[in-house]
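Notes for the one structure printed next.
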Amino acid sequence: MRTFISNKNKKILKNRQMKTLPVFEFQIGRDYMAKRKKKAAKKYYIMKSGRKSAIFTGRQPRQAALKAATRGFKDIKLRERGRRNKDGTYTVHKFKGSMKKIKLGDDRPEWLPEKVRKPVVKKVGIERINKI
């Protein structure tokens, strides 16, 4: 067991101008340490348009859809690569995408233009399909 005096208690003691410091004890161990939340794994989403297909990455389908909208796709249908539902169907996420020009404030860096393009997506729904 280790003994520590927290910064908050140091300030209190300094304000009171005490000559002797009380000892505050607490145990450092697995139970008392802050637990780090695990990040979701990076997923790969496939978008087919005609014969061509594109792969976009993201932790959620929306993040991949934003990347697709940045590249100029309007009607976005994403299927997660390598994943099938228990009933054997595939889930396809549908989005409507566009690019929007926004005006930046005066606190922007000099090299950044006054107006920049920002992707915007809206989820239309989810579709389940049997065949790819």
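Scheme for the structure tokens: letters A, B, ... for chains in order shown; per-chain residue numbers from 1; ligand numbers from 1 in order shown.
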Please identify all polymer residues within 12 Å of A:Gly88, counting only C-alpha atoms, omitting same-chain residues fewer than 2 positions from it, and present them as JSON, numbers by chain. {"A": [83, 84, 85, 86, 90, 91, 128, 129, 130, 131, 132]}
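With only C-alpha atoms taken into account, the protein and nucleic acid residues at most 9 Å from A:Ala41 (excluding it and anything under 3 positions from it in its own chain) are A:Lys38, A:Gly58, A:Arg59.
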For A:Lys74, find every residue with an atom within 12 Å (counting only C-alpha atoms), except residues of its own chain fewer than 6 positions away, and show them as a list of chain:residue names.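 The residues satisfying every condition are A:Met47, A:Ser49, A:Ala65, A:Leu66, A:Lys67, A:Ala68, A:Lys94, A:Phe95, A:Lys96, A:Gly97, A:Ser98, A:Met99, A:Pro119, A:Val120, A:Val121, A:Lys122, A:Lys123.
For A:Thr57, the set of protein, DNA and RNA residues having any atom at most 10 Å away, when counting only C-alpha atoms and skipping those fewer than 2 positions along the same chain, is Lys42, Lys43, Tyr44, Tyr45, Ile46, Ile55, Arg59, Gln60, Pro61, Gln63, Ala64, Ala65, Lys67, Ala68 and Glu80 of chain A.
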Please report, as a PyMOL selection string, each residue of stretch 51-122 of chain A to which DSSP assigns strand (DSSP E or B) when run on this structure's backbone. chain A and resi 52-58+75-80+90-103+115-122
Go ahead and save the residues from that selection, with N, CA and C atoms, as a CSV table (one decimal), in the first residue's frame.
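Result file follows (again.csv):
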```csv
chain,number,residue,atom,x,y,z
A,52,LYS,N,-18.3,-1.4,-61.0
A,52,LYS,CA,-17.3,-0.9,-60.1
A,52,LYS,C,-17.7,-1.0,-58.7
A,53,SER,N,-16.7,-1.3,-57.8
A,53,SER,CA,-16.9,-1.3,-56.4
A,53,SER,C,-15.9,-0.5,-55.7
A,54,ALA,N,-16.2,0.1,-54.6
A,54,ALA,CA,-15.3,0.9,-53.8
A,54,ALA,C,-15.4,0.4,-52.3
A,55,ILE,N,-14.3,0.5,-51.6
A,55,ILE,CA,-14.2,0.1,-50.2
A,55,ILE,C,-14.0,1.3,-49.4
A,56,PHE,N,-14.8,1.6,-48.4
A,56,PHE,CA,-14.6,2.7,-47.5
A,56,PHE,C,-14.5,2.1,-46.1
A,57,THR,N,-13.7,2.7,-45.2
A,57,THR,CA,-13.5,2.2,-43.9
A,57,THR,C,-14.1,3.1,-42.9
A,58,GLY,N,-14.4,2.6,-41.7
A,58,GLY,CA,-15.0,3.4,-40.6
A,58,GLY,C,-15.4,2.5,-39.5
A,75,ASP,N,-26.1,8.7,-54.1
A,75,ASP,CA,-26.9,7.6,-53.6
A,75,ASP,C,-25.9,6.5,-53.0
A,76,ILE,N,-25.8,6.4,-51.7
A,76,ILE,CA,-24.8,5.5,-51.1
A,76,ILE,C,-25.5,4.3,-50.5
A,77,LYS,N,-25.0,3.1,-50.9
A,77,LYS,CA,-25.5,1.8,-50.3
A,77,LYS,C,-24.2,1.1,-49.9
A,78,LEU,N,-24.1,0.8,-48.6
A,78,LEU,CA,-22.9,0.2,-48.1
A,78,LEU,C,-23.2,-1.2,-47.4
A,79,ARG,N,-22.4,-2.1,-47.7
A,79,ARG,CA,-22.5,-3.5,-47.1
A,79,ARG,C,-21.2,-3.8,-46.4
A,80,GLU,N,-21.3,-4.3,-45.2
A,80,GLU,CA,-20.1,-4.6,-44.5
A,80,GLU,C,-19.4,-5.8,-45.0
A,90,TYR,N,-27.7,-10.3,-45.9
A,90,TYR,CA,-26.7,-9.2,-45.8
A,90,TYR,C,-27.4,-7.9,-45.5
A,91,THR,N,-26.9,-7.1,-44.6
A,91,THR,CA,-27.4,-5.8,-44.3
A,91,THR,C,-26.8,-4.7,-45.2
A,92,VAL,N,-27.6,-3.9,-45.8
A,92,VAL,CA,-27.1,-2.8,-46.7
A,92,VAL,C,-27.7,-1.5,-46.0
A,93,HIS,N,-26.7,-0.6,-45.7
A,93,HIS,CA,-27.1,0.7,-45.2
A,93,HIS,C,-27.2,1.7,-46.3
A,94,LYS,N,-28.4,2.4,-46.3
A,94,LYS,CA,-28.6,3.3,-47.4
A,94,LYS,C,-28.5,4.7,-46.9
A,95,PHE,N,-27.8,5.6,-47.6
A,95,PHE,CA,-27.6,7.0,-47.3
A,95,PHE,C,-27.8,7.9,-48.5
A,96,LYS,N,-28.2,9.1,-48.3
A,96,LYS,CA,-28.2,10.2,-49.3
A,96,LYS,C,-27.0,11.1,-48.9
A,97,GLY,N,-26.2,11.3,-49.9
A,97,GLY,CA,-25.0,12.1,-49.6
A,97,GLY,C,-24.9,13.4,-50.5
A,98,SER,N,-24.3,14.4,-49.9
A,98,SER,CA,-24.0,15.6,-50.7
A,98,SER,C,-22.8,16.4,-50.1
A,99,MET,N,-22.4,17.4,-50.8
A,99,MET,CA,-21.3,18.2,-50.3
A,99,MET,C,-21.9,19.6,-50.1
A,100,LYS,N,-21.5,20.2,-49.0
A,100,LYS,CA,-22.0,21.5,-48.6
A,100,LYS,C,-20.8,22.4,-48.4
A,101,LYS,N,-20.9,23.7,-48.9
A,101,LYS,CA,-19.9,24.7,-48.7
A,101,LYS,C,-20.2,25.4,-47.4
A,102,ILE,N,-19.2,25.5,-46.5
A,102,ILE,CA,-19.4,26.3,-45.3
A,102,ILE,C,-18.4,27.3,-45.2
A,103,LYS,N,-18.7,28.4,-44.6
A,103,LYS,CA,-17.8,29.6,-44.4
A,103,LYS,C,-17.1,29.4,-43.1
A,115,LYS,N,-14.0,29.5,-47.7
A,115,LYS,CA,-15.1,28.5,-47.8
A,115,LYS,C,-14.5,27.1,-48.1
A,116,VAL,N,-15.0,26.1,-47.3
A,116,VAL,CA,-14.5,24.7,-47.5
A,116,VAL,C,-15.7,23.8,-47.8
A,117,ARG,N,-15.5,22.7,-48.4
A,117,ARG,CA,-16.5,21.7,-48.6
A,117,ARG,C,-16.6,20.7,-47.5
A,118,LYS,N,-17.8,20.4,-47.1
A,118,LYS,CA,-18.1,19.5,-46.0
A,118,LYS,C,-19.1,18.4,-46.4
A,119,PRO,N,-18.8,17.2,-46.2
A,119,PRO,CA,-19.8,16.1,-46.6
A,119,PRO,C,-20.9,16.1,-45.6
A,120,VAL,N,-22.1,15.8,-46.2
A,120,VAL,CA,-23.3,15.7,-45.4
A,120,VAL,C,-24.0,14.4,-45.8
A,121,VAL,N,-24.4,13.5,-44.9
A,121,VAL,CA,-25.1,12.3,-45.2
A,121,VAL,C,-26.4,12.2,-44.3
A,122,LYS,N,-27.4,11.6,-44.9
A,122,LYS,CA,-28.6,11.3,-44.1
A,122,LYS,C,-29.0,9.9,-44.4
```
Two-atom distance - atom CA of A:Val124, atom CA of A:Ala40 (Å): 23.5 Å
